[in-house]
$ cat input30.txt   # compact mmCIF, C-alpha atoms and all ligand atoms
# COMPACT_ATOMS: atom_id res chain seq x y z
CA MET H 195 -126.14 -93.66 53.58
CA MET H 196 -124.96 -90.92 55.92
CA LEU H 197 -126.50 -90.94 59.38
CA LYS H 198 -126.97 -87.95 61.66
CA VAL H 199 -124.52 -87.92 64.57
CA VAL H 200 -126.24 -86.79 67.76
CA LYS H 201 -124.48 -84.26 69.97
CA TYR H 202 -123.92 -84.15 73.70
CA GLY H 203 -127.20 -83.26 75.41
CA ASP H 204 -129.22 -85.92 73.60
CA PRO H 205 -130.37 -88.41 76.28
CA VAL H 206 -129.53 -91.42 74.04
CA LEU H 207 -125.84 -90.72 74.74
CA GLN H 208 -126.32 -91.25 78.45
CA GLN H 209 -128.24 -94.50 78.52
CA GLU H 210 -127.08 -98.10 78.25
CA GLY H 211 -127.65 -99.72 74.86
CA LYS H 212 -129.45 -103.04 74.50
CA LEU H 213 -127.65 -106.29 73.71
CA ILE H 214 -127.94 -107.25 70.05
CA THR H 215 -129.59 -110.62 69.38
CA GLU H 216 -130.61 -110.37 65.70
CA PHE H 217 -127.72 -110.68 63.25
CA ASP H 218 -129.68 -109.85 60.13
CA GLY H 219 -129.48 -107.69 57.03
CA LYS H 220 -130.79 -104.71 58.96
CA LEU H 221 -127.81 -104.91 61.30
CA ALA H 222 -125.37 -105.29 58.39
CA ALA H 223 -126.87 -102.20 56.71
CA LEU H 224 -126.57 -100.18 59.93
CA VAL H 225 -122.90 -101.19 60.24
CA GLU H 226 -122.22 -100.09 56.63
CA ASN H 227 -123.97 -96.77 57.21
CA MET H 228 -122.03 -96.24 60.43
CA PHE H 229 -118.71 -96.82 58.62
CA GLU H 230 -119.72 -94.38 55.91
CA THR H 231 -120.72 -91.78 58.50
CA MET H 232 -117.54 -92.29 60.54
CA TYR H 233 -115.30 -91.85 57.47
CA GLU H 234 -117.22 -88.82 56.30
CA GLU H 235 -116.94 -87.19 59.75
CA LYS H 236 -113.25 -88.15 59.95
CA GLY H 237 -113.61 -90.08 63.18
CA CYS H 238 -111.75 -93.29 64.05
CA GLY H 239 -114.68 -94.77 65.98
CA LEU H 240 -118.45 -94.43 66.06
CA ALA H 241 -120.88 -96.04 68.50
CA ALA H 242 -124.51 -96.86 67.70
CA PRO H 243 -125.94 -94.50 70.38
CA GLN H 244 -124.17 -91.67 68.53
CA VAL H 245 -126.47 -92.27 65.58
CA GLY H 246 -129.51 -92.57 67.84
CA GLU H 247 -129.53 -96.40 68.11
CA SER H 248 -129.51 -97.53 71.74
CA ILE H 249 -127.75 -100.87 71.10
CA LYS H 250 -124.34 -102.40 71.83
CA LEU H 251 -122.40 -101.89 68.60
CA PHE H 252 -119.52 -99.74 67.46
CA VAL H 253 -117.31 -99.47 64.40
CA MET H 254 -113.68 -98.40 64.29
CA ASP H 255 -110.80 -97.79 61.92
CA CYS H 256 -107.73 -96.18 63.42
CA SER H 257 -105.56 -96.63 60.32
CA GLY H 258 -105.88 -92.98 59.27
CA SER H 259 -106.54 -91.64 55.80
CA ASN H 260 -104.96 -94.58 53.97
CA ARG H 261 -107.74 -96.83 55.26
CA ASP H 262 -106.37 -100.29 55.92
CA PRO H 263 -109.21 -102.81 55.47
CA LYS H 264 -107.52 -105.04 58.07
CA ARG H 265 -107.95 -102.32 60.71
CA ARG H 266 -111.65 -101.93 60.00
CA TYR H 267 -113.73 -103.50 62.75
CA ALA H 268 -117.36 -103.74 63.79
CA LEU H 269 -117.73 -104.89 67.40
CA ILE H 270 -121.09 -106.15 68.56
CA ASN H 271 -121.84 -106.70 72.26
CA PRO H 272 -118.16 -106.03 73.14
CA ARG H 273 -116.74 -106.95 76.54
CA ILE H 274 -113.43 -105.69 77.89
CA ILE H 275 -111.58 -108.78 79.10
CA GLU H 276 -108.27 -107.33 80.27
CA THR H 277 -106.41 -104.02 80.37
CA LYS H 278 -102.69 -103.36 80.91
CA GLU H 279 -100.44 -100.33 81.40
CA THR H 280 -101.63 -96.75 80.97
CA GLN H 281 -101.41 -94.01 78.37
CA VAL H 282 -102.33 -90.34 78.37
CA GLY H 283 -103.39 -88.73 75.14
CA GLU H 284 -105.69 -86.23 73.53
CA GLU H 285 -109.16 -87.53 72.81
CA GLY H 286 -112.09 -86.24 70.82
CA CYS H 287 -115.62 -87.44 70.14
CA LEU H 288 -117.91 -86.90 67.14
CA SER H 289 -120.69 -86.02 69.61
CA PHE H 290 -118.49 -83.17 70.96
CA PRO H 291 -117.31 -81.43 67.77
CA ASP H 292 -114.03 -79.49 68.12
CA ILE H 293 -113.61 -80.41 71.78
CA TYR H 294 -110.46 -82.27 72.75
CA PHE H 295 -108.80 -83.02 76.04
CA GLU H 296 -106.31 -85.40 77.57
CA VAL H 297 -107.66 -88.64 78.98
CA GLU H 298 -105.75 -91.36 80.80
CA ARG H 299 -106.65 -94.87 79.64
CA PRO H 300 -105.10 -98.33 79.68
CA ARG H 301 -102.62 -98.81 76.81
CA ILE H 302 -103.27 -102.47 76.02
CA VAL H 303 -106.77 -103.90 75.86
CA THR H 304 -108.17 -107.36 75.22
CA VAL H 305 -111.74 -107.26 74.00
CA SER H 306 -114.22 -109.97 73.03
CA ALA H 307 -117.15 -109.23 70.78
CA GLN H 308 -119.37 -110.70 68.07
CA ASP H 309 -119.06 -109.92 64.38
CA ILE H 310 -122.02 -109.05 62.14
CA HIS H 311 -122.81 -112.76 61.77
CA GLY H 312 -122.88 -113.28 65.53
CA LYS H 313 -119.54 -115.11 65.59
CA GLU H 314 -117.47 -114.51 68.75
CA PHE H 315 -113.93 -113.18 68.44
CA THR H 316 -111.27 -111.82 70.78
CA MET H 317 -108.53 -109.35 69.92
CA GLN H 318 -105.78 -107.46 71.66
CA VAL H 319 -105.19 -103.84 70.65
CA GLU H 320 -102.72 -101.17 71.73
CA ASP H 321 -102.25 -97.41 71.83
CA LEU H 322 -104.77 -95.53 69.68
CA GLU H 323 -106.86 -98.63 68.96
CA ALA H 324 -107.01 -99.43 72.69
CA ARG H 325 -108.10 -95.86 73.41
CA CYS H 326 -110.75 -96.14 70.71
CA VAL H 327 -112.11 -99.51 71.94
CA LEU H 328 -112.45 -98.14 75.48
CA HIS H 329 -114.01 -94.82 74.41
CA GLU H 330 -116.54 -96.55 72.14
CA THR H 331 -117.37 -99.32 74.64
CA ASP H 332 -118.07 -96.59 77.20
CA HIS H 333 -120.63 -95.11 74.77
CA LEU H 334 -122.56 -98.40 74.87
CA TYR H 335 -122.99 -97.94 78.62
CA GLY H 336 -123.93 -94.26 78.47
CA LYS H 337 -120.51 -93.18 79.66
CA LEU H 338 -118.74 -90.24 78.01
CA PHE H 339 -115.12 -89.06 77.88
CA LEU H 340 -116.27 -86.02 79.81
CA ASP H 341 -116.57 -88.34 82.83
CA TYR H 342 -112.78 -88.73 82.96
CA ILE H 343 -111.81 -85.11 83.57
CA SER H 344 -111.92 -83.07 86.77
CA ALA H 345 -115.20 -81.41 87.83
CA LEU H 346 -113.60 -78.02 87.20
CA LYS H 347 -112.57 -78.85 83.62
CA ARG H 348 -115.93 -80.49 83.01
CA ASP H 349 -117.76 -77.31 84.03
CA LEU H 350 -115.58 -75.32 81.64
CA VAL H 351 -116.38 -77.68 78.78
CA LYS H 352 -120.11 -77.62 79.60
CA ARG H 353 -120.09 -73.82 79.66
CA LYS H 354 -118.39 -73.75 76.25
CA ILE H 355 -121.06 -76.11 74.90
CA LYS H 356 -123.89 -73.98 76.34
CA LYS H 357 -122.49 -70.98 74.50
CA ARG H 358 -122.38 -72.93 71.26
CA ILE H 359 -125.96 -74.14 71.77
CA LYS H 360 -127.05 -70.50 72.14
CA LEU H 361 -125.21 -69.59 68.97
CA GLY H 362 -126.93 -72.45 67.16
CA GLU H 363 -123.62 -74.22 66.58
CA TRP H 364 -124.56 -77.44 68.35
CA ASP H 365 -126.97 -79.44 66.26
ZN ZN M 1 -117.32 -90.60 71.43
$ encode --input "input30.txt" --output "structure tokens"
Amino acid sequence: MMLKVVKYGDPVLQQEGKLITEFDGKLAALVENMFETMYEEKGCGLAAPQVGESIKLFVMDCSGSNRDPKRRYALINPRIIETKETQVGEEGCLSFPDIYFEVERPRIVTVSAQDIHGKEFTMQVEDLEARCVLHETDHLYGKLFLDYISALKRDLVKRKIKKRIKLGEWD
């Protein structure tokens, strides 16, 4: 089932999500629906607050259009354990349609999380996957990629969004 992706301006995007303690069928169904929504919207990551659920969960698949099932992850209650090196690259967000800008992030990330059964796992990811893990983990704490650019650039982006809200292009 497709879920509605909320856009910047919705308060759910700027609050910390709750820790997940129930690893039940409801959670598994939400994860499936989030994957479906992410693929449909052509994103490589989607966090629960982006579908209006204020909880610590995100899904990701950075393998591109030839979807590699081994690169398909659901991370529940993720914690960033270690970061190394830096990378600069263009970033987008499904809650900011058609808005992209360069963000500096660590290039190598070690993250621990739980899977949909509550089992703990740790993985190390690099490059695009590292960028994705950091961007999506930020969402679970109410932090947005907009927070990484200069105040001047941020004002420009916010003005652009205001215009699109007026035109009814931001829903
Ligand atoms: Zn995002």
$ residues_near_ligand --input "input30.txt" --ligand "ligand ZN 1 (chain M)" --cutoff "9 Å" --atoms "all atoms listed in the file" --output "list in words"
Gly239, Leu240, Ala241, Gln244, Glu285, Gly286, Cys287, Leu288, Ser289, Phe290, Cys326, His329, Glu330, Asp332, His333, Leu338 and Phe339 of chain H
$ write_last_selection --input "input30.txt" --atoms "C-alpha atoms" --output "mmCIF file, keeping the file's coordinate frame"
data_model
loop_
_atom_site.group_PDB
_atom_site.id
_atom_site.type_symbol
_atom_site.label_atom_id
_atom_site.label_comp_id
_atom_site.auth_asym_id
_atom_site.auth_seq_id
_atom_site.Cartn_x
_atom_site.Cartn_y
_atom_site.Cartn_z
ATOM 1 C CA GLY H 239 -114.680 -94.770 65.980
ATOM 2 C CA LEU H 240 -118.450 -94.430 66.060
ATOM 3 C CA ALA H 241 -120.880 -96.040 68.500
ATOM 4 C CA GLN H 244 -124.170 -91.670 68.530
ATOM 5 C CA GLU H 285 -109.160 -87.530 72.810
ATOM 6 C CA GLY H 286 -112.090 -86.240 70.820
ATOM 7 C CA CYS H 287 -115.620 -87.440 70.140
ATOM 8 C CA LEU H 288 -117.910 -86.900 67.140
ATOM 9 C CA SER H 289 -120.690 -86.020 69.610
ATOM 10 C CA PHE H 290 -118.490 -83.170 70.960
ATOM 11 C CA CYS H 326 -110.750 -96.140 70.710
ATOM 12 C CA HIS H 329 -114.010 -94.820 74.410
ATOM 13 C CA GLU H 330 -116.540 -96.550 72.140
ATOM 14 C CA ASP H 332 -118.070 -96.590 77.200
ATOM 15 C CA HIS H 333 -120.630 -95.110 74.770
ATOM 16 C CA LEU H 338 -118.740 -90.240 78.010
ATOM 17 C CA PHE H 339 -115.120 -89.060 77.880
#
$ atom_distance --input "input30.txt" --atom1 "atom CA of H:Leu269" --atom2 "atom CA of H:Glu323"
12.6 Å
$ closest_residue --input "input30.txt" --among "H:Leu334, H:Ile355, H:Met254, H:Val305" --to "H:Leu322" --atoms "only C-alpha atoms"
H:Met254
$ closest_residue --input "input30.txt" --among "H:Val253, H:Leu221, H:Val245, H:Ile274" --to "H:Met196" --atoms "all atoms listed in the file"
H:Val245
$ closest_residue --input "input30.txt" --among "H:Glu298, H:Asp309, H:Glu320, H:Glu314" --to "H:Asp218" --atoms "all atoms listed in the file"
H:Asp309
$ residues_around --input "input30.txt" --residues "H:Lys250" --least-positions-apart "4" --cutoff "10 Å" --atoms "all atoms listed in the file" --output "number ranges by chain"
H: 210-214, 241-243, 269-272, 307, 330-331, 333-335
$ atom_distance --input "input30.txt" --atom1 "atom CA of H:Val200" --atom2 "atom CA of H:Asn227"
14.7 Å
$ closest_residue --input "input30.txt" --among "H:Gln308, H:Lys337, H:Ile302, H:Gly246" --to "H:Asp204" --atoms "only C-alpha atoms"
H:Gly246
$ atom_distance --input "input30.txt" --atom1 "atom CA of H:Arg266" --atom2 "atom CA of H:Tyr233"
11.0 Å
$ closest_residue --input "input30.txt" --among "H:Lys278, H:Ser257, H:Asp341, H:His311" --to "H:Glu296" --atoms "only C-alpha atoms"
H:Asp341
$ residues_near_point --input "input30.txt" --point "(-108.8, -115.0, 70.2)" --cutoff "10 Å" --atoms "all atoms listed in the file" --output "ChimeraX atom specification"
/H:304-306,314-318
$ write_last_selection --input "input30.txt" --atoms "C-alpha atoms" --output "mmCIF file, keeping the file's coordinate frame"
data_model
loop_
_atom_site.group_PDB
_atom_site.id
_atom_site.type_symbol
_atom_site.label_atom_id
_atom_site.label_comp_id
_atom_site.auth_asym_id
_atom_site.auth_seq_id
_atom_site.Cartn_x
_atom_site.Cartn_y
_atom_site.Cartn_z
ATOM 1 C CA THR H 304 -108.170 -107.360 75.220
ATOM 2 C CA VAL H 305 -111.740 -107.260 74.000
ATOM 3 C CA SER H 306 -114.220 -109.970 73.030
ATOM 4 C CA GLU H 314 -117.470 -114.510 68.750
ATOM 5 C CA PHE H 315 -113.930 -113.180 68.440
ATOM 6 C CA THR H 316 -111.270 -111.820 70.780
ATOM 7 C CA MET H 317 -108.530 -109.350 69.920
ATOM 8 C CA GLN H 318 -105.780 -107.460 71.660
#
$ closest_residue --input "input30.txt" --among "H:Gly362, H:Gly237, H:Pro263, H:Gly283" --to "H:Arg301" --atoms "all atoms listed in the file"
H:Gly283
$ build_atoms --input "input30.txt" --residues "stretch 313-333 of chain H" --atoms "N, CA and C atoms" --output "CSV table (one decimal), in the frame of the given file"
chain,number,residue,atom,x,y,z
H,313,LYS,N,-120.7,-114.3,65.2
H,313,LYS,CA,-119.5,-115.1,65.6
H,313,LYS,C,-118.7,-114.4,66.6
H,314,GLU,N,-118.3,-115.1,67.7
H,314,GLU,CA,-117.5,-114.5,68.8
H,314,GLU,C,-116.0,-114.4,68.3
H,315,PHE,N,-115.4,-113.3,68.7
H,315,PHE,CA,-113.9,-113.2,68.4
H,315,PHE,C,-113.3,-112.4,69.6
H,316,THR,N,-112.0,-112.6,69.7
H,316,THR,CA,-111.3,-111.8,70.8
H,316,THR,C,-110.1,-111.2,70.1
H,317,MET,N,-109.7,-110.0,70.5
H,317,MET,CA,-108.5,-109.4,69.9
H,317,MET,C,-107.8,-108.5,71.0
H,318,GLN,N,-106.5,-108.3,70.8
H,318,GLN,CA,-105.8,-107.5,71.7
H,318,GLN,C,-105.3,-106.3,70.8
H,319,VAL,N,-105.6,-105.1,71.4
H,319,VAL,CA,-105.2,-103.8,70.6
H,319,VAL,C,-104.4,-103.0,71.6
H,320,GLU,N,-103.6,-102.0,71.0
H,320,GLU,CA,-102.7,-101.2,71.7
H,320,GLU,C,-102.9,-99.7,71.3
H,321,ASP,N,-102.4,-98.8,72.1
H,321,ASP,CA,-102.2,-97.4,71.8
H,321,ASP,C,-103.6,-96.8,71.4
H,322,LEU,N,-103.6,-96.2,70.2
H,322,LEU,CA,-104.8,-95.5,69.7
H,322,LEU,C,-106.0,-96.5,69.6
H,323,GLU,N,-105.7,-97.7,69.1
H,323,GLU,CA,-106.9,-98.6,69.0
H,323,GLU,C,-107.4,-99.0,70.3
H,324,ALA,N,-106.5,-99.1,71.3
H,324,ALA,CA,-107.0,-99.4,72.7
H,324,ALA,C,-107.8,-98.3,73.2
H,325,ARG,N,-107.4,-97.1,73.0
H,325,ARG,CA,-108.1,-95.9,73.4
H,325,ARG,C,-109.5,-95.8,72.8
H,326,CYS,N,-109.5,-96.2,71.5
H,326,CYS,CA,-110.8,-96.1,70.7
H,326,CYS,C,-111.7,-97.2,71.2
H,327,VAL,N,-111.2,-98.4,71.4
H,327,VAL,CA,-112.1,-99.5,71.9
H,327,VAL,C,-112.7,-99.1,73.3
H,328,LEU,N,-111.9,-98.5,74.2
H,328,LEU,CA,-112.4,-98.1,75.5
H,328,LEU,C,-113.4,-97.0,75.4
H,329,HIS,N,-113.1,-96.0,74.6
H,329,HIS,CA,-114.0,-94.8,74.4
H,329,HIS,C,-115.3,-95.3,73.8
H,330,GLU,N,-115.3,-96.1,72.8
H,330,GLU,CA,-116.5,-96.6,72.1
H,330,GLU,C,-117.3,-97.5,73.0
H,331,THR,N,-116.6,-98.4,73.7
H,331,THR,CA,-117.4,-99.3,74.6
H,331,THR,C,-118.1,-98.5,75.7
H,332,ASP,N,-117.4,-97.5,76.2
H,332,ASP,CA,-118.1,-96.6,77.2
H,332,ASP,C,-119.4,-96.1,76.7
H,333,HIS,N,-119.4,-95.6,75.4
H,333,HIS,CA,-120.6,-95.1,74.8
H,333,HIS,C,-121.8,-96.1,74.9
